[in-house]
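Dropping final.txt in here (compact mmCIF, C-alpha atoms):
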# COMPACT_ATOMS: atom_id res chain seq x y z
CA MET S 296 0.00 0.00 0.00
CA ASN S 297 1.53 3.34 -1.03
CA GLY S 298 0.96 6.40 1.10
CA GLU S 299 0.57 9.83 -0.44
CA ARG S 300 3.75 11.81 -0.62
CA GLY S 301 4.91 12.50 2.92
CA THR S 302 2.36 10.20 4.50
CA ILE S 303 2.57 6.58 5.62
CA ASN S 304 -0.27 4.13 6.14
CA ILE S 305 -0.07 1.80 9.13
CA ARG S 306 -2.25 -1.23 9.92
CA VAL S 307 -2.88 -1.44 13.66
CA LYS S 308 -4.06 -4.66 15.33
CA PHE S 309 -5.75 -4.93 18.73
CA PHE S 310 -6.13 -7.93 21.02
CA ALA S 311 -7.89 -9.02 24.22
CA ALA S 312 -9.24 -6.26 26.52
CA PRO S 313 -8.39 -3.24 24.33
CA ARG S 314 -9.84 -5.04 21.28
CA GLU S 315 -13.11 -5.51 23.15
CA ALA S 316 -13.11 -1.91 24.42
CA LEU S 317 -12.62 -0.61 20.87
CA GLY S 318 -15.02 -3.05 19.26
CA THR S 319 -12.58 -3.69 16.41
CA ASN S 320 -9.49 -5.80 15.89
CA GLU S 321 -7.86 -3.70 13.19
CA VAL S 322 -7.72 -0.12 11.94
CA THR S 323 -5.62 1.68 9.34
CA VAL S 324 -4.22 5.11 10.15
CA SER S 325 -2.18 7.66 8.19
CA LEU S 326 0.78 9.39 9.78
CA PRO S 327 3.44 11.81 8.59
CA ALA S 328 6.52 10.03 7.22
CA GLY S 329 9.10 9.49 9.94
CA ALA S 330 6.48 9.02 12.68
CA THR S 331 7.40 6.83 15.67
CA VAL S 332 5.50 4.22 17.70
CA ASP S 333 5.03 6.84 20.39
CA GLU S 334 3.37 9.23 17.95
CA LEU S 335 1.14 6.46 16.63
CA LEU S 336 -0.07 5.66 20.17
CA LYS S 337 -0.76 9.34 20.80
CA LEU S 338 -2.86 9.56 17.65
CA LEU S 339 -4.72 6.34 18.49
CA THR S 340 -5.67 7.52 21.99
CA GLU S 341 -6.93 10.83 20.59
CA ARG S 342 -9.00 9.09 17.96
CA TYR S 343 -10.14 6.18 20.16
CA PRO S 344 -10.66 7.40 23.75
CA ALA S 345 -11.70 3.85 24.77
CA LEU S 346 -8.05 2.89 24.35
CA ARG S 347 -6.89 5.33 27.03
CA PRO S 348 -7.09 3.07 30.12
CA TYR S 349 -4.84 0.52 28.37
CA THR S 350 -2.12 2.58 26.68
CA ARG S 351 0.35 2.69 29.54
CA PHE S 352 0.28 -1.10 29.83
CA LEU S 353 0.71 -1.78 26.11
CA SER S 354 3.76 -3.27 24.48
CA VAL S 355 4.05 -2.72 20.77
CA ALA S 356 5.18 -5.03 17.99
CA VAL S 357 6.12 -3.75 14.56
CA ASN S 358 5.91 -6.40 11.84
CA ARG S 359 5.64 -9.12 14.52
CA ALA S 360 8.69 -8.14 16.59
CA TYR S 361 8.65 -6.21 19.87
CA ALA S 362 9.63 -2.59 19.24
CA GLY S 363 10.54 0.36 21.44
CA MET S 364 8.47 3.54 21.70
CA HIS S 365 10.98 5.46 19.58
CA ALA S 366 11.05 3.00 16.70
CA GLU S 367 10.37 4.71 13.37
CA LEU S 368 7.41 3.45 11.33
CA HIS S 369 7.32 2.87 7.59
CA ASP S 370 4.55 2.75 5.03
CA GLY S 371 2.73 -0.59 5.15
CA ASP S 372 3.98 -1.59 8.62
CA GLU S 373 1.80 -3.86 10.72
CA VAL S 374 1.72 -2.58 14.30
CA ALA S 375 0.19 -4.66 17.09
CA CYS S 376 -0.92 -3.18 20.42
CA LEU S 377 -0.19 -5.93 22.94
CA PRO S 378 -1.65 -5.84 26.45
CA PRO S 379 0.28 -7.81 29.11
CA VAL S 380 0.46 -11.38 27.80
CA GLY S 381 -0.99 -14.28 29.76
CA GLY S 382 -0.52 -17.55 27.91
CA GLY S 383 0.19 -20.96 29.41
CA MET H 31 10.93 -32.24 13.39
CA GLU H 32 10.63 -29.27 15.65
CA MET H 33 7.17 -27.86 16.16
CA PHE H 34 6.05 -24.37 17.16
CA GLU H 35 2.33 -23.97 16.71
CA VAL H 36 -0.77 -22.14 17.81
CA THR H 37 -3.89 -24.16 17.08
CA THR H 38 -7.59 -24.29 17.85
CA GLU H 39 -7.51 -28.11 17.82
CA PRO H 40 -7.32 -30.23 21.01
CA LEU H 41 -3.71 -31.02 21.97
CA SER H 42 -2.24 -34.50 22.25
CA VAL H 43 0.85 -34.78 24.44
CA GLU H 44 1.74 -38.04 22.71
CA GLU H 45 1.70 -36.41 19.28
CA VAL H 46 3.95 -33.58 20.43
CA VAL H 47 6.42 -36.02 22.02
CA ALA H 48 6.37 -38.12 18.85
CA ARG H 49 7.81 -35.12 16.96
CA LEU H 50 10.99 -35.42 19.01
CA THR H 51 11.64 -39.07 18.29
CA GLU H 52 15.07 -39.93 16.88
CA PRO H 53 17.63 -42.59 17.78
CA ALA H 54 20.00 -40.10 19.44
CA ILE H 55 17.68 -39.20 22.30
CA GLY H 56 17.47 -40.92 25.66
CA ALA H 57 15.24 -38.51 27.55
CA VAL H 58 12.22 -36.30 26.96
CA VAL H 59 10.61 -33.92 29.46
CA THR H 60 7.17 -32.42 29.00
CA PHE H 61 5.25 -29.58 30.58
CA VAL H 62 1.49 -29.80 30.20
CA GLY H 63 -0.53 -26.75 31.16
CA THR H 64 -4.22 -27.40 31.81
CA VAL H 65 -7.25 -25.22 32.50
CA ARG H 66 -7.79 -24.85 36.24
CA GLY H 67 -11.35 -24.70 37.57
CA GLU H 68 -10.76 -21.89 40.06
CA THR H 69 -8.75 -18.68 40.50
CA ASP H 70 -8.29 -17.22 43.98
CA GLY H 71 -11.28 -19.18 45.26
CA ARG H 72 -13.53 -18.11 42.40
CA ALA H 73 -15.04 -20.89 40.27
CA VAL H 74 -14.09 -20.69 36.59
CA ARG H 75 -16.58 -21.90 33.96
CA TYR H 76 -14.15 -21.89 31.00
CA LEU H 77 -11.24 -19.94 29.51
CA GLU H 78 -11.15 -18.08 26.22
CA TYR H 79 -7.63 -17.90 24.76
CA GLU H 80 -6.73 -15.39 22.07
CA ALA H 81 -3.44 -15.11 20.16
CA TYR H 82 -1.65 -12.96 17.64
CA PRO H 83 -0.95 -16.24 15.86
CA GLU H 84 1.82 -15.26 13.41
CA MET H 85 3.84 -13.49 16.09
CA ALA H 86 3.06 -16.13 18.71
CA GLU H 87 4.53 -18.86 16.50
CA GLU H 88 7.59 -16.71 15.84
CA THR H 89 8.16 -16.08 19.56
CA LEU H 90 7.70 -19.79 20.31
CA ARG H 91 10.38 -20.52 17.70
CA GLN H 92 12.57 -17.86 19.32
CA ILE H 93 12.17 -19.59 22.70
CA GLY H 94 13.24 -22.87 21.09
CA ALA H 95 16.36 -21.16 19.73
CA GLU H 96 17.11 -19.58 23.12
CA ILE H 97 16.82 -22.97 24.82
CA ARG H 98 19.19 -24.60 22.38
CA SER H 99 21.77 -21.85 22.69
CA ARG H 100 21.64 -21.94 26.52
CA TRP H 101 21.64 -25.74 26.76
CA PRO H 102 23.62 -26.97 23.73
CA ASP H 103 22.99 -30.61 24.70
CA VAL H 104 19.27 -30.18 24.06
CA ARG H 105 18.35 -31.91 20.81
CA ARG H 106 14.81 -30.83 19.93
CA VAL H 107 12.11 -28.52 21.25
CA ALA H 108 8.39 -28.56 20.51
CA ILE H 109 5.90 -26.03 21.89
CA VAL H 110 2.21 -26.05 20.99
CA HIS H 111 -0.42 -23.71 22.41
CA ARG H 112 -4.16 -24.10 21.98
CA VAL H 113 -6.46 -21.08 21.63
CA GLY H 114 -10.22 -20.53 21.55
CA ARG H 115 -12.67 -21.71 24.18
CA LEU H 116 -11.11 -24.27 26.54
CA GLU H 117 -13.10 -26.16 29.15
CA ILE H 118 -11.83 -27.01 32.64
CA GLY H 119 -9.18 -29.73 32.45
CA ALA H 120 -8.38 -29.14 28.78
CA VAL H 121 -4.73 -29.02 27.75
CA ALA H 122 -3.77 -25.42 26.88
CA VAL H 123 -0.06 -25.81 26.26
CA VAL H 124 2.47 -28.61 25.73
CA ILE H 125 6.23 -28.13 25.83
CA ALA H 126 8.45 -31.12 25.05
CA ILE H 127 12.24 -31.09 25.01
CA SER H 128 14.62 -33.92 24.20
CA ALA H 129 18.30 -34.72 24.78
CA ALA H 130 20.63 -37.71 24.83
CA HIS H 131 20.68 -37.55 28.65
CA ARG H 132 18.32 -36.00 31.19
CA ALA H 133 20.71 -33.49 32.80
CA PRO H 134 19.90 -30.25 30.91
CA LEU H 135 16.21 -30.92 30.45
CA PHE H 136 14.64 -29.82 33.74
CA ASP H 137 16.11 -26.31 33.73
CA ALA H 138 15.43 -25.96 30.02
CA LEU H 139 11.77 -26.90 30.54
CA ARG H 140 11.29 -24.37 33.32
CA TYR H 141 12.93 -21.69 31.19
CA GLY H 142 10.60 -22.57 28.33
CA ILE H 143 7.33 -22.12 30.23
CA ASP H 144 8.56 -19.01 32.09
CA ARG H 145 9.63 -17.40 28.84
CA LEU H 146 6.35 -18.34 27.14
CA LYS H 147 4.39 -16.51 29.82
CA GLU H 148 6.70 -13.54 29.41
CA ILE H 149 6.88 -12.89 25.67
CA VAL H 150 4.38 -14.94 23.66
CA PRO H 151 1.41 -12.81 22.52
CA ILE H 152 -1.38 -15.00 23.89
CA TRP H 153 -4.10 -13.81 26.28
CA LYS H 154 -6.75 -15.58 28.32
CA LYS H 155 -10.10 -14.46 29.53
CA GLU H 156 -11.54 -16.16 32.59
CA VAL H 157 -15.27 -16.64 32.39
CA TRP H 158 -16.51 -17.26 35.91
CA ALA H 159 -19.31 -19.53 37.07
CA ASP H 160 -21.06 -16.51 38.64
CA GLY H 161 -21.31 -14.79 35.25
CA GLY H 162 -18.42 -12.30 35.32
CA ALA H 163 -15.39 -12.41 33.04
CA GLU H 164 -11.95 -10.81 33.00
CA TRP H 165 -8.79 -10.82 30.91
CA VAL H 166 -5.96 -12.23 33.05
CA GLU H 167 -2.93 -10.01 33.52
CA GLU H 168 0.00 -11.84 35.00
CA GLY H 169 2.28 -8.82 35.15
CA SER H 170 4.01 -9.58 31.88
CA GLY H 171 7.59 -8.66 31.25
CA ALA H 172 6.99 -8.14 27.56
CA ARG H 173 8.02 -4.51 27.75
CA GLU H 174 11.34 -5.60 29.21
CA ALA H 175 11.80 -7.99 26.31
CA VAL H 176 12.23 -5.06 23.92
Now, as a test, write the supplied structure out as structure tokens.
Amino acid sequence: MNGERGTINIRVKFFAAPREALGTNEVTVSLPAGATVDELLKLLTERYPALRPYTRFLSVAVNRAYAGMHAELHDGDEVACLPPVGGG
Amino acid sequence: MEMFEVTTEPLSVEEVVARLTEPAIGAVVTFVGTVRGETDGRAVRYLEYEAYPEMAEETLRQIGAEIRSRWPDVRRVAIVHRVGRLEIGAVAVVIAISAAHRAPLFDALRYGIDRLKEIVPIWKKEVWADGGAEWVEEGSGAREAV
């Protein structure tokens, strides 16, 4: 998927409690090129207030690998918002 | 054959162990995690497991690689996690590890299940007998895994 000039499109996946709070498991958002994970989370909480109680507990994966808050995003990235895991 | 899978199908411990079979091994340890019928005195009706399947399988594979680099005598690792609705007593996770001799296996097994609970993107919702439900948060260290 190609963003407009200067913009990147990011697919964002939600799981477990935040997925239920949002009522969706995936959204696509546009960000300025060079945006970071941190900036994506800020935009998501503005757009989806239901996400707010969960943001400080979220880990983030970019293209299926854990990523830090300052990681830079690229057009077409798949970002997953991961609440504390609880398998086993 | 190694095996790192997330599945909605019932798990068979025997099938997972069979994946490890080869003439070189003399010992296999298994961890079998099952659905417990109560949490902190509260009766559980069933559990609903959810995964980010592609990443979960990749992190399971990563755990297998970590085990084999920490315990070079380990031969094979298989980890399978079931997701979806699981009734009380159902098998949720099977970890099986093989080696020529038993020595490295017990520590490796413990590492495997601890690490799974720490980094694998799988969640469970407890649905209680009294009607309530809640996503379990075990104080994950996933952030620290970055």
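With CA of Pro151 (chain H) on one side and CA of Val380 (chain S) on the other, the separation reads 5.6 Å.
With all atoms listed in the file taken into account, chain S has Phe310, Ala311, Ala312, Leu353, Ser354, Arg359, Ala360, Tyr361, Ala362, Gly363, Leu377, Pro379, Val380, Gly381, Gly382 and Gly383 of chain S at most 8 Å from chain H.
Closest approach to Val374 (chain S) among S:Leu336, S:Ala328, S:Glu315, S:Leu346 is made by S:Leu336 (distances from all atoms listed in the file).
We find CA of Ser128 (chain H) and CA of Glu45 (chain H) to be spaced 14.0 Å apart.
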**Asked** Excluding same-chain residues fewer than 5 positions from Val324 (chain S), what lies within 8 Å of it counting only C-alpha atoms, as a list in words?
**Response** Asn304, Ile305, Arg306 and Val307 of chain S
**Message:** Let me make sure I understand: among H:Ile55, H:Ala133, H:Ala163, H:Ile127, which one has the smallest atom-to-atom distance to Ile97 (chain H) if we use only C-alpha atoms?
**Reply:** H:Ile127
**Request:** Identify, on the basis of only C-alpha atoms, every residue whose closest approach to Thr350 (chain S) does not exceed 12 Å; exclude the query and any residue fewer than 3 positions from it along the same chain; express the result as number ranges by chain.
**Result:** S: 309, 312-313, 332-333, 335-341, 343-347, 353-355, 364, 376-379
**Request:** With a distance cut-off of 8 Å and all atoms listed in the file, select the neighbouring residues of Asp103 (chain H), excluding the residue or stretch itself and same-chain residues fewer than 5 positions from it, and output the selection as a ChimeraX atom specification.
**Result:** /H:98,129-130,134
Please dump the current selection as a PDB file, in the coordinates of the input; keep C-alpha atoms.
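Saved result, part15.pdb, follows:
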ATOM      1  CA  ARG H  98      19.190 -24.600  22.380  1.00  0.00           C
ATOM      2  CA  ALA H 129      18.300 -34.720  24.780  1.00  0.00           C
ATOM      3  CA  ALA H 130      20.630 -37.710  24.830  1.00  0.00           C
ATOM      4  CA  PRO H 134      19.900 -30.250  30.910  1.00  0.00           C
TER       5      PRO H 134
END
**Asked** Excluding same-chain residues fewer than 5 positions from Ile303 (chain S), what lies within 6 Å of it counting only C-alpha atoms, as a PyMOL selection string?
**Response** chain S and resi 298+325-326+328+370
**Item:** Contacts of Glu367 (chain S) within 8 Å, only C-alpha atoms, excl. fewer than 3 positions in-chain, as a ChimeraX atom specification
**Value:** /S:329-332
Same residues, C-alpha atoms, output as an mmCIF file, in the frame of the given file:
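Saved as part.cif:
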data_model
loop_
_atom_site.group_PDB
_atom_site.id
_atom_site.type_symbol
_atom_site.label_atom_id
_atom_site.label_comp_id
_atom_site.auth_asym_id
_atom_site.auth_seq_id
_atom_site.Cartn_x
_atom_site.Cartn_y
_atom_site.Cartn_z
ATOM 1 C CA GLY S 329 9.100 9.490 9.940
ATOM 2 C CA ALA S 330 6.480 9.020 12.680
ATOM 3 C CA THR S 331 7.400 6.830 15.670
ATOM 4 C CA VAL S 332 5.500 4.220 17.700
#
**Message:** My list of candidates is S:Glu334, S:Thr323, S:Phe352, S:His365. Which is closest to Lys308 (chain S) when distances are computed with all atoms listed in the file?
**Reply:** S:Thr323
